[in-house]
Each structure stands twice: as structure tokens, then as C-alpha cells.
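Report on the following structure.
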Amino acid sequence: MSDYNGQAGDGMNWQPGLRESYIFDRNTIEEIRRAASQGIYDIRGFGAKRKLPHFDDLLFLGASMSRYPLEGYRERCDTSVTLGTRFAKKPIEIKIPITIAGMSFGALSGQAKEALGRGATMAGTSTTTGDGGMTEEERGHSEILVYQVLPSRYGMNPDDLRRADAIEVVVGQGAKPGGGGMLLGQKISDRVAEMRNLPKGIDQRSACRHPDWTGPDDLEIKIEEIREITDWEKPIYIKIGASRPYYDTQLAVKAGADVIVLDGMQGGTAATQDVFIEHVGLPTLACIREAVEALQEMGMHREVQLIVSGGIRNGADVAKALALGADAVSIGVAAMIALGDNDPAYADEYAKIGSAAGFYDDWHEGKDPAGISTQDPELSKRLDPELGGRRLNNYLKTMTLETQTLARAAGKSDVHNLEPEDLVALTIEAAAMARVPLAGTDWIPGRSKDGF
Amino acid sequence: MTTATDVKVVDLATTPLRELNQRLHDGAAGGPLRWRIINPGGAHAVAVGVDAPFEIEIEGHTGYYTAGMNKHAHVRVNGNVGVGCGENIMSGTIHITGNASQACAATGRGGLVIVEGDAAARCGISMKGVEIVVKGSIGHMSAFMAQSGALVVCGDAGDSLGDSIYETHIYVRGSVEGLGADCIEKELKEFHREELGRLLTAAGADAKVDEFKRYGSARRLYNFNIDHAGEY
Ligand SMILES: Cc1cc2nc3c(=O)[nH]c(=O)nc-3n(C[C@H](O)[C@H](O)[C@H](O)COP(=O)(O)O)c2cc1C
């Protein structure tokens, strides 16, 4: 559903008297027509595209009479985070509170993975493998690399576990909590096929449940095994898609997580059914306080670090997530865009494949003109990993500066000192979800003294 | 000085598990090649992540993930094993004299796993190259999404055998309660007779190649087809 109500003069044959249906809008009609002709659900990449309560619905108050601001540039505002302080012998330290999320080799080209590693390393942060295993490019170019343990276990092996800096057990993803993965045949090159022990050219489905554990009690034992294999050196993360964040957070703590990665429904994906992306899970904004309160109740806030992802775009989003209690955030789609995804320079080529720069989301098809979500050797070559890395570094630095700007304005000498008290909400929904007052009132829906 | 014939005995009643696994990991650089682990008492994660050509004998029952991710070592468990024994095994062998719980050799990528008794549900789930010989029977959903390697069952197989299977070869001597989506009976060709014969010999199984039927993928789910949507 879109907000478009047939009023705008957008040059699409509209004339007075033609009234577009709010519920049967053009996208809806087009989707019915597409389904009727193709007989298969729409699969796509990117995250939820519908309008959802998000960080834009929050504002910082800034310092005033009762709060001193800090001077930009001159007064320190720290940004670093240590992850894995609970059990790991070798916690990792990242210099900025922004990490690169797990994106699979297979979904992304080798060059794109290398560029992510280069950019993250320049910015002093970590990058993450994905479904499909660890590649030499990303290990070689990532100073801090998080290795994912996914249900498919494609490419899983103990050597990579040992050469990882941290390990992330993926229970779910925000774009599809409860869903498995899919890599369509056209993206299965020889190398991808070999890494996954599967024939070339066939659709690769990744299971939605882990093969050797079911439920939180088993997961606790699974984590013990991984710790034993890696001699208790590495931080172990548990990644969950936002659906029951309060309980899932508590169960993840109980299962022995050092770090919890909480991915909201705006979170990106390489290939998932549109119906899944748009209709399952909680918006990122709605799950942070639930998770933080779960940690606080267990006395584990800041002891078990919380990384939040799903629709993080700029320093304001980062600052707001931290103010709500996250220790760091993670980015997927935004990192791809920084590398060059949806670049208007390829306008003609997007048009040829029925898309346009700024709209392209058919990442599963492997035809990405920008050479990022593809395994085609010719297209992949278009992305220069060094240049991509520099662009990602620029973007990460910019976001960090923006985060510091907002933190200093609120009088904080560390971005982690931002707190809910620094925020107000623009809408009742956001006020209820983020548990901060509606701007200009002292009303937090569902939390106020009279219970209203 | 240690020699190849030295046997290092580790008593899990008195030695913490952490110490055992650490010694097995450090020992890869030298030291004894033969280990005997006594009093495992059902402990989880015994002898996991070993990366050396050790001979490891475990006297008694173990819990989850025994010898998980094994590389090179030859492990023998004189007892029963819990969930996920030999998960993601890379190479070497794991020989279980008793029964194995669920998800035995799950996602294994190489090596050989032998179960003298029965294996429970999901034996060989998502297997990626490991070879498994179960002398008894296996539970339901075994070889689910099995990618490659071979699973030999001298007894019977439970329901939904080989559901969504890719290229794994399954051989069953007894009855099969039911086949999963896209799994069908297939011809036992010369290649398969050789493979099966080799595995039966390796496992010391008292069974003849001709007594087995082979199951594998119909390959109808390999590329999405809306008319098969109910099976996905
Ligand atoms: C191209 C692409 C591939 C992804 N692959 C994986 C994956 O292999 N494993 C995983 O846990 N998440 C995967 N994700 C999800 C990201 O790790 C992350 O949760 C999400 O992108 C965060 O939301 P954002 O994209 O809005 O920043 C992928 C996302 C994208 C965009």
C-alpha cells in the first residue's frame, strides 16, 4: 500500500476526475497483474518499503538551561565500544558505534565483500560474513571479522571459526523473522556452488531452523560447544529478528550471548518474498526499549552489548538508537548504497532491466548494474574495491560525526551517554514504542501514571 | 618424551572439560597421539574442534556435540552419544558403539561416522559430504536437505527420509516409513554398488550390497516451479 492518493501531478497520465483507489493503488494493481501472469510471489532485496514508525519520529531536545552542551570539535565525545566483555577472553574494540552487518558472499560479489572489509577497517569497525561462508577477500581485508553460524551452515568449518574475531549465531533476520534464505540459480557461480557444496545453477534454499539445536536450552549447549572449539577466546553474538524482543533478549542472555544483535523489520535482505518483508516482524523503533528493559531487568545492560539494525541511514538514527539503549548499530542496505548501489550513473542500465536508480531492489537476479549484488564477472568488475572501501569509510565517518554532533548538543562526552530522557516523539505511536514523551507533553502512552 | 604408543588418560570426573579440550587443541603441536577419556558422565562438547590425527577413545556415554567439527582425529565412543554427535565433521572418523541421538553428523563435510546401534531423528541433516553408516535404524526427517555424501542404513528408516534432498546418496536395507518431498527410490548403479560396498566394509557391517535400495533426489525442486509450491 502506498500513501499516494491520486492527487499529485506526477506526470503519470493523471487528469482531474481520475481518482486512484487508496487501497488498490498502482503498485497494488501492478502486483496483482504480475502475480496473475507469473504464478510466483515477488521476491526482492532491500528492506520494508512501506511507511513505518521510525527514528524520524523522534527528536533530540538538546541542551538548555539545565544541561550544558559540549563544544564541537574541541571537547571530547567518545565513540568506541568494546564488544564481548561478558565471557570472551578476547573482546573486540570498535572505534565507532557502527558495524557492517552480515551479507553473504553469493548475494554480494567478492569485490563488494572486499570493499566492505576495506571500508570497515579504515573506519576502525567490524564487518560480518553471511550465508555462504567466509571468503579470503573479506578475511584478508577486514581487521575485525565476525563469522556467522547460520542454519544452512554453508561453508562452515572450524578453521574459519578459529580465524574469526567474533562469532554470530543467526537465529533470525528482521526482514524475515522465521524465514530461511534463498539464492536463486542465476547467482550460483562455480565458486559459490563449491563453497556451499551444491551443484551449480540450482536454487539454494537456506533452512529456517538450525540443524543441530532447537530452542534456547539447546542453543546454550551449542554456544558452549562453539566456545570450547575456539577456547573461549571469541565474543559470541546471537542475532535475532525483531518479533518478541523482550523474551528473545532474555533467552539469548540465558543461552550465553556476549552480544545481542537485534534486527528490526526494516532490515535489508538479499532475497526474500515481498509479503514476508512487508508483513512480518516489529519495526526497529518498537523493539529497542523492549530489549533494553529485558537486559536491565537481568542486570545485563552494557554487560551484554546490544547492536541494533534495520533501517539505519545517518548519524541521527545512530544517536537515537544509542539514546534508547543500544551499544552500537549495524548497517546493510546503507553500506551497499555507500559502495555505489542504485547509482544514478547507471540510469540507462537500470532502465534496461525494468528498474531505475533509487528503486532497484531485484538483488536476487544477479544483474546489478553497479556490480554489487551479482556474481557476474563482468558486472562485478565495475566495483573497484579500493574506491568502494574509501566511500564506505567516508560514509561511516560522516555518520559518526553526525552522532557526535547530536551527543555534544545534548551535553554528552560519550555517545553512549545519550539516554531516553534526551528524546521526545512526534507521534503517539513513536512515543509508545520508544517510551519517550510525545513532544510538548509528559505523556508516554501506556506508561503514564494514570495508566493511559 | 612421549612416544607414539603413549596413551594419555584424562578422567573427566576430576578434570574440567575446558582443560581436556584445551589439551587436545594444544596437543596438536606434539605430544601423545592416543587419548583415553574416562568418566565422561554425559558431558556435552567432549573432544570438540580437534585438529590432529589423534586416536581418541571415550569410555562411556556423552552429551551433545561429541567430537563436533572433528578434523583428522579417529574418535571412538564406547557408549551412547547425545544430540549432534560429529556435527560438521570435516575429516577423520567417529565410531559410536551404542546409539546416537538426534542430528547425528549434521552438516558434516567429510570423514566417516559409524553408529553401531540406532540413530534418532534428523540423522545426516544438511550433510555436505560426510559418509554415515548406521547399523541399526534411523529416525524421521533423516538426511533433510542433504547436499552430498552418503548415508547407509542397515536397519529401517523413519518418516520423511531425504526431504528436500540434493545430491546425497541414501542406501537403506530395511523398510522406509515414508519419503520426504522430492526424494525417490533410484537405481543402484555400478558406482553406487562400489560406494556402498566400500562403506559397508569400512564400517565392518555384516550386510550385502544387494539387500539395499538407493534413494536420492528427483531434482524437481531444484529450480522454483509454481506447480510444486505445496512441496516447498
Ligand atoms: C544483500 C544483503 C545480504 C544479507 N545477507 C545476510 C546474511 O547472509 N545473514 C544475515 O544474518 N543477514 C543478512 N542480511 C541482513 C543484514 O545482516 C542486516 O540484518 C540488515 O541488512 C540490516 O538492516 P539495514 O539493511 O536496513 O541496515 C543481508 C542483508 C542484505 C542487504
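Chain labels run A, B, ... following the order of the C-alpha cells; each chain numbers its residues from 1, and ligands are numbered from 1 in the order shown.
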
Only residues of chain B matter here; which ones have an atom within 6 Å of chain A, counting only C-alpha atoms? Give them as a list in words. Ala45, Val48, Gly49, Gly84, Ala103, Tyr222 and Asn223 of chain B

Just N, CA, C and O atoms for this one: save the residues we selected as a tab-separated table (two decimals), in the first residue's frame.
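So result.tsv came out as:
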chain	number	residue	atom	x	y	z
B	45	ALA	N	29.96	-31.46	24.48
B	45	ALA	CA	31.14	-30.87	23.82
B	45	ALA	C	32.45	-31.56	24.20
B	45	ALA	O	33.48	-30.92	24.37
B	48	VAL	N	35.73	-31.61	21.17
B	48	VAL	CA	35.27	-30.83	20.01
B	48	VAL	C	36.42	-30.01	19.43
B	48	VAL	O	37.35	-29.63	20.15
B	49	GLY	N	36.35	-29.77	18.14
B	49	GLY	CA	37.33	-28.91	17.47
B	49	GLY	C	38.73	-29.49	17.44
B	49	GLY	O	39.71	-28.76	17.33
B	84	GLY	N	23.59	-34.22	18.01
B	84	GLY	CA	24.60	-33.56	17.18
B	84	GLY	C	26.00	-34.13	17.30
B	84	GLY	O	26.98	-33.41	17.12
B	103	ALA	N	20.17	-35.62	15.05
B	103	ALA	CA	21.09	-34.79	14.27
B	103	ALA	C	22.52	-35.32	14.28
B	103	ALA	O	23.48	-34.56	14.32
B	222	TYR	N	14.67	-28.27	-7.77
B	222	TYR	CA	15.93	-27.56	-7.94
B	222	TYR	C	15.76	-26.13	-8.42
B	222	TYR	O	16.54	-25.26	-8.07
B	223	ASN	N	14.80	-25.91	-9.27
B	223	ASN	CA	14.51	-24.54	-9.67
B	223	ASN	C	13.02	-24.32	-9.48
B	223	ASN	O	12.22	-25.18	-9.81

Show me which residues sit within 6 Å of ligand 1 when counting only C-alpha atoms and all ligand atoms, and put them as a PyMOL selection string. chain A and resi 46+101-104+107+130-131+170+173+263+266-270+309-312+331-334

Quick check for you: according to DSSP on this backbone, which residues of stretch 47-257 of chain A are classed as strand (DSSP E)? Reply as a ChimeraX atom specification. /A:58-60,81-83,92-94,98-100,126-128,144-149,166-170,181-183,204-206,236-241

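Proximity to A:Tyr68 was assessed for A:Ala410, A:Leu262, A:Met336, A:Val171 counting only C-alpha atoms; the smallest distance is recorded for A:Ala410.
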
Near stretch 240-247 of chain A, counting only C-alpha atoms, which residues have an atom at most 9 Å away, once you skip same-chain residues fewer than 4 positions from it, shown as a ChimeraX atom specification? /A:169-178,251-252,260-265,267,280-284,286-295

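Proximity ranking of B:Ala121, B:Ala150, B:Val115, B:Ala181 relative to B:Arg76 places B:Val115 first, based on only C-alpha atoms.
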
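Once B:Ala52 and its same-chain neighbours fewer than 3 positions away are set aside, B:Leu24, B:His25, B:Asp26, B:Gly27, B:Ala28, B:Ala29, B:Gly30, B:Leu33, B:Gly49, B:Glu55, B:Asn70, B:Lys71, B:His72, B:Ala73, B:His74, B:Gly92 remain within 10 Å of it when counting only C-alpha atoms.
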
File of the preceding selection, C-alpha atoms, as a PDB file, in the first residue's frame:
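This went into result-v3.pdb:
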ATOM      1  CA  LEU B  24      43.537 -31.656  22.786  1.00  0.00           C
ATOM      2  CA  HIS B  25      43.885 -28.360  20.902  1.00  0.00           C
ATOM      3  CA  ASP B  26      47.365 -27.572  22.229  1.00  0.00           C
ATOM      4  CA  GLY B  27      48.442 -31.167  21.775  1.00  0.00           C
ATOM      5  CA  ALA B  28      48.118 -30.826  18.023  1.00  0.00           C
ATOM      6  CA  ALA B  29      51.637 -29.404  18.052  1.00  0.00           C
ATOM      7  CA  GLY B  30      53.204 -32.548  19.530  1.00  0.00           C
ATOM      8  CA  LEU B  33      48.769 -39.275  19.771  1.00  0.00           C
ATOM      9  CA  GLY B  49      37.332 -28.906  17.474  1.00  0.00           C
ATOM     10  CA  GLU B  55      43.164 -41.650  18.332  1.00  0.00           C
ATOM     11  CA  ASN B  70      36.347 -33.040  14.078  1.00  0.00           C
ATOM     12  CA  LYS B  71      39.337 -32.837  11.726  1.00  0.00           C
ATOM     13  CA  HIS B  72      41.723 -35.764  11.238  1.00  0.00           C
ATOM     14  CA  ALA B  73      41.090 -37.495  14.575  1.00  0.00           C
ATOM     15  CA  HIS B  74      39.725 -41.020  14.950  1.00  0.00           C
ATOM     16  CA  GLY B  92      38.635 -38.438  10.358  1.00  0.00           C
TER      17      GLY B  92
END

As an NGL selection string, please: every residue in stretch 13-256 of chain A that a backbone DSSP assignment puts in alpha helix (DSSP H). :A and (26-38 or 110-123 or 136-141 or 158-163 or 190-195 or 215-229 or 245-254)

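From atom CA of B:Ser101 back to atom CA of B:Lys8, the distance works out to 27.8 Å.
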
Neighbour list for stretch 208-214 of chain B as a compact mmCIF listing (two decimals) with C-alpha atoms, in the first residue's frame, cut-off 10 Å, only C-alpha atoms, skip fewer than 3 positions in-chain:
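Once everything was written out, this is around-v3.txt:
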# COMPACT_ATOMS: atom_id res chain seq x y z
CA LEU B 151 24.07 -42.30 4.30
CA VAL B 152 23.89 -46.07 4.75
CA VAL B 153 21.21 -47.58 6.98
CA CYS B 154 21.32 -51.29 7.68
CA GLY B 155 18.01 -51.24 9.55
CA HIS B 169 23.14 -40.96 -1.81
CA ILE B 170 20.96 -42.81 0.70
CA TYR B 171 21.05 -46.60 1.00
CA VAL B 172 18.54 -48.41 3.20
CA ARG B 173 18.38 -52.14 3.78
CA GLY B 174 15.14 -52.33 5.72
CA SER B 175 11.84 -50.52 5.35
CA VAL B 176 11.31 -46.83 4.80
CA ILE B 184 12.60 -41.06 -4.66
CA GLU B 185 13.91 -44.57 -5.00
CA LYS B 186 16.68 -44.69 -7.58
CA GLU B 187 18.61 -47.29 -9.45
CA LEU B 188 21.61 -48.86 -7.73
CA LYS B 189 24.19 -48.35 -10.45
CA HIS B 192 26.67 -46.85 -6.11
CA ARG B 193 27.35 -50.55 -5.59
CA GLU B 194 31.02 -49.73 -5.24
CA GLU B 195 30.40 -46.84 -2.90
CA LEU B 196 28.04 -48.90 -0.74
CA GLY B 197 30.37 -51.90 -0.70
CA ARG B 198 33.26 -49.71 0.36
CA LEU B 200 29.93 -51.48 4.46
CA THR B 201 33.47 -52.80 4.56
CA ALA B 205 28.88 -54.14 8.61

May I ask for the distance between atom CA of A:Ala88 and atom CA of A:Pro235, given in Å to one decimal place? 4.9 Å

Please provide as a VMD selection string all residues within 8 Å of A:Ile167, with the sequence filter that same-chain residues fewer than 6 positions apart are discarded (counting only C-alpha atoms). chain A and resid 146 to 149 161 234 to 237

Next, the residues of the selection above should be written as a compact mmCIF listing (two decimals), in the first residue's frame with C-alpha atoms.
# COMPACT_ATOMS: atom_id res chain seq x y z
CA VAL A 146 32.51 -11.55 12.63
CA TYR A 147 31.76 -15.07 11.35
CA GLN A 148 28.13 -16.09 11.09
CA VAL A 149 26.81 -19.50 12.08
CA LEU A 161 35.73 -20.26 13.30
CA LYS A 234 35.88 -15.04 20.87
CA PRO A 235 32.82 -12.98 21.62
CA ILE A 236 29.68 -14.84 20.66
CA TYR A 237 26.76 -12.86 19.31

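The two atoms in question, atom CA of B:Gln147 and atom CA of B:Gly98, are spaced 26.4 Å apart.
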
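Around A:Leu108, within 9 Å and counting only C-alpha atoms, the residues found are Ala270, Trp363, Gly366, Gly371, Ile372, Ser373, Thr374 and Gln375 of chain A, once anything fewer than 6 positions away on its own chain is removed.
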
Expected file: the selected residues, N, CA, C and O atoms, as a PDB file, in the first residue's frame:
ATOM      1  N   ALA A 270      18.865  -9.885   0.961  1.00  0.00           N
ATOM      2  CA  ALA A 270      19.298 -10.018  -0.427  1.00  0.00           C
ATOM      3  C   ALA A 270      18.184 -10.582  -1.289  1.00  0.00           C
ATOM      4  O   ALA A 270      18.101 -10.283  -2.478  1.00  0.00           O
ATOM      5  N   TRP A 363      17.845  -7.594  -6.248  1.00  0.00           N
ATOM      6  CA  TRP A 363      19.217  -8.046  -5.980  1.00  0.00           C
ATOM      7  C   TRP A 363      19.382  -9.542  -6.151  1.00  0.00           C
ATOM      8  O   TRP A 363      20.484 -10.039  -6.330  1.00  0.00           O
ATOM      9  N   GLY A 366      20.858 -11.019  -9.765  1.00  0.00           N
ATOM     10  CA  GLY A 366      22.267 -11.053 -10.130  1.00  0.00           C
ATOM     11  C   GLY A 366      22.627 -10.166 -11.305  1.00  0.00           C
ATOM     12  O   GLY A 366      23.665 -10.350 -11.929  1.00  0.00           O
ATOM     13  N   GLY A 371      27.278  -3.707 -10.013  1.00  0.00           N
ATOM     14  CA  GLY A 371      28.237  -4.796  -9.774  1.00  0.00           C
ATOM     15  C   GLY A 371      28.364  -5.233  -8.327  1.00  0.00           C
ATOM     16  O   GLY A 371      29.359  -5.841  -7.950  1.00  0.00           O
ATOM     17  N   ILE A 372      27.353  -4.962  -7.516  1.00  0.00           N
ATOM     18  CA  ILE A 372      27.466  -5.277  -6.085  1.00  0.00           C
ATOM     19  C   ILE A 372      26.721  -6.568  -5.736  1.00  0.00           C
ATOM     20  O   ILE A 372      27.316  -7.504  -5.203  1.00  0.00           O
ATOM     21  N   SER A 373      25.439  -6.627  -6.067  1.00  0.00           N
ATOM     22  CA  SER A 373      24.660  -7.835  -5.730  1.00  0.00           C
ATOM     23  C   SER A 373      24.643  -8.782  -6.935  1.00  0.00           C
ATOM     24  O   SER A 373      23.599  -9.102  -7.483  1.00  0.00           O
ATOM     25  N   THR A 374      25.802  -9.225  -7.336  1.00  0.00           N
ATOM     26  CA  THR A 374      25.893 -10.074  -8.521  1.00  0.00           C
ATOM     27  C   THR A 374      27.085 -11.005  -8.417  1.00  0.00           C
ATOM     28  O   THR A 374      28.003 -10.756  -7.639  1.00  0.00           O
ATOM     29  N   GLN A 375      27.041 -12.084  -9.203  1.00  0.00           N
ATOM     30  CA  GLN A 375      28.210 -12.956  -9.340  1.00  0.00           C
ATOM     31  C   GLN A 375      28.722 -12.917 -10.776  1.00  0.00           C
ATOM     32  O   GLN A 375      29.620 -13.657 -11.131  1.00  0.00           O
TER      33      GLN A 375
END
